[in-house]
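Peer 1: Here it is, the structure in full.
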Amino acid sequence: MVNITALLSTLITSNHILHYHNVLDAMGHVSVRNPNTNTTFFIALQLGPAVLSGREDIGEYNIADGSPLTGTVGGYAERYIHSEILKRYPDVNAVVHSHAEDVLPYTVLNVDVEPVYHMAGFLGGTVPNFDIEDTYFEDDPRDLLVNNPRLGAALAQTFGVNETQPTGPAHTTVLQRGHGFVTIAQTVEEVTDFAYYAASNARVQTNALLLKAAMGGGGNVKCLTQQERKDAANMNRWIAFKPWRQWVKEVERSGMYINELGTPPLDS
Ligand SMILES: [Zn+2]
């Protein structure tokens, strides 16, 4: 049995790290599958990532339909992003949904997100852009929120099917038009790394495109080749714990955040 207190401590600190690095603002969320049930997941209740601090701030929901377990009251309307992804992909254990401003321009422009440096190889061959308009029913409010299982399933489907592993996704990251992005991984530490570097890569790509335009459009933005993406993605997976250890210390020493469950394990 996995130590749930340690897992939730990790979840709390992930929220703090992603807030500290402007990947999450007052909105956005991180979830993790409950490995002891495999049928439920944990995610913060309706409060900002920076102020999440203890067990009572975290809800537990059924993966099957996003419904709360007894004792969980309230919560994010968008938890169906998480329930539907965790339901569709049994090997995915952690999900981040972010409104990061560095990424948002790519959700409304006809410019693909491409991995432009080695820490973003996990972005893979393509980063799809989910347009919720395509899935609305006539009576749905057009508020861009993924706030029911049907919309969550449509978003989850955008992650595709892995060529070599049919139960796995083809993509780690999907944009949401006019809203943000979602990234998925096997652990909270890894998904924190992916969310951080998705935003970081977007900043680098934007700067490269701006410099290119400032030079009169000359020169190419040379993105990672397909082979480089694969090899860098493998590297990203084993190196994720290195930045994680620093980020944990950063948020603890910043004095900005409280984690009542203590320092998360640093070497799992
Ligand atoms: Zn959102």
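Just so we're on the same page: first chain in the structure tokens is A, next is B, and so on; residues restart at 1 for each chain, and ligands are numbered from 1 in the order they show up.
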At a cut-off of 10 Å, can you tabulate as CSV every residue of chain A near ligand 1 together with its closest atom pair and the distance in Å to one decimal, using only C-alpha atoms and all ligand atoms and ordering rows by chain then number?
Peer 2:
residue,atom,partner,partner_atom_place_in_ligand_line,distance
A:Met27,CA,ligand 1,1 (Zn),6.8
A:Gly28,CA,ligand 1,1 (Zn),5.7
A:His29,CA,ligand 1,1 (Zn),8.2
A:Tyr76,CA,ligand 1,1 (Zn),9.5
A:Ala77,CA,ligand 1,1 (Zn),9.2
A:Glu78,CA,ligand 1,1 (Zn),6.8
A:Arg79,CA,ligand 1,1 (Zn),9.6
A:Ile81,CA,ligand 1,1 (Zn),9.2
A:His97,CA,ligand 1,1 (Zn),6.5
A:Ser98,CA,ligand 1,1 (Zn),6.4
A:His99,CA,ligand 1,1 (Zn),6.2
A:Ala100,CA,ligand 1,1 (Zn),9.9
A:Leu144,CA,ligand 1,1 (Zn),8.0
A:Leu145,CA,ligand 1,1 (Zn),6.3
A:Val146,CA,ligand 1,1 (Zn),7.5
A:Asn147,CA,ligand 1,1 (Zn),9.4
A:Gln176,CA,ligand 1,1 (Zn),8.9
A:Gly178,CA,ligand 1,1 (Zn),9.8
A:His179,CA,ligand 1,1 (Zn),6.1
A:Gly180,CA,ligand 1,1 (Zn),6.6
A:Phe181,CA,ligand 1,1 (Zn),8.2
A:Val182,CA,ligand 1,1 (Zn),9.2
Peer 1: Name the residues in contact with Pro141 (chain A) at a cut-off of 12 Å, using only C-alpha atoms, excluding same-chain residues fewer than 6 positions from it; report them as a list of chain:residue names.
Peer 2: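 Residues meeting the cut-off are A:Ile132, A:Glu133, A:Thr135, A:Asn147, A:Asn148, A:Leu151.
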Peer 1: Could you please write out, as a PyMOL selection string, every residue of region 3-226 of chain A that DSSP assigns to strand (DSSP E)?
Peer 2: chain A and resi 29-33+40-44+58-62+94-98+129-130+173-176+180-185
Peer 1: Tell me which protein, DNA and RNA residues are within 7 Å of Asp57 (chain A), counting only C-alpha atoms, leaving out same-chain ones fewer than 5 positions away, and put them as a short mmCIF file (atom, residue, chain, number, x, y, z; two decimals) with N, CA and C atoms, in the first residue's frame.
Peer 2:
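Result saved to around_11.cif:
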data_model
loop_
_atom_site.label_atom_id
_atom_site.label_comp_id
_atom_site.auth_asym_id
_atom_site.auth_seq_id
_atom_site.Cartn_x
_atom_site.Cartn_y
_atom_site.Cartn_z
N ALA A 44 -7.25 19.16 -5.48
CA ALA A 44 -7.62 20.20 -4.53
C ALA A 44 -9.11 20.53 -4.64
N LEU A 45 -9.67 20.96 -3.54
CA LEU A 45 -11.03 21.49 -3.57
C LEU A 45 -10.98 22.88 -4.20
N LEU A 52 -3.44 26.02 -1.01
CA LEU A 52 -3.62 24.60 -0.66
C LEU A 52 -2.57 24.22 0.38
#
Peer 1: Could I get the residues of region 77-142 of chain A with an atom no further than 7 Å from an atom of region 207-227 of chain A, each paired with its nearest atom pair and that distance in Å to one decimal, using only C-alpha atoms, sorted by chain and residue number, as JSON lines?
Peer 2:
{"residue": "A:Glu114", "atom": "CA", "partner": "A:Cys223", "partner_atom": "CA", "distance": 6.4}
{"residue": "A:Pro115", "atom": "CA", "partner": "A:Leu224", "partner_atom": "CA", "distance": 5.9}
{"residue": "A:Val116", "atom": "CA", "partner": "A:Cys223", "partner_atom": "CA", "distance": 4.4}
{"residue": "A:Tyr117", "atom": "CA", "partner": "A:Leu224", "partner_atom": "CA", "distance": 6.7}
{"residue": "A:Gly125", "atom": "CA", "partner": "A:Gln226", "partner_atom": "CA", "distance": 6.3}
Peer 1: Choose the residue, out of A:Ala198, A:Ala50, A:Ala156, A:Val2, that has the smallest atom-to-atom separation from Asn38 (chain A); count only C-alpha atoms.
Peer 2: A:Val2
Peer 1: Could you write out, as a PyMOL selection string, all the residues of region 18-214 of chain A that DSSP marks as alpha helix (DSSP H)?
Peer 2: chain A and resi 18-20+79-88+104-108+149-157+188-214
Peer 1: So that I can check the surroundings of Thr13 (chain A), please list as a PyMOL selection string every protein, DNA and RNA residue that reaches within 9 Å of it, counting only C-alpha atoms and ignoring chain neighbours fewer than 3 positions away.
Peer 2: chain A and resi 8-10+16-18+52-53+247-248+251-252+257-259+263-264
Peer 1: To one decimal place, how far is CA of Thr192 (chain A) from CA of Ile43 (chain A) in Å?
Peer 2: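 Straight-line distance from CA of Thr192 (chain A) to CA of Ile43 (chain A) works out to 14.0 Å.
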Peer 1: Restricting the calculation to only C-alpha atoms, which member of A:Ala153, A:Glu250, A:Leu47, A:Tyr136 is positioned closest to Ala64 (chain A)?
Peer 2: A:Ala153
Peer 1: Restricting the calculation to only C-alpha atoms, which member of A:Ala199, A:Ala120, A:Leu7, A:Ala94 is positioned closest to Glu228 (chain A)?
Peer 2: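 Among the listed residues, A:Ala120 lies closest to Glu228 (chain A).
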Peer 1: To one decimal place, how far is CA of Val32 (chain A) from CA of Gly75 (chain A) in Å?
Peer 2: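 Answer for the CA of Val32 (chain A) to CA of Gly75 (chain A) separation: 14.9 Å.
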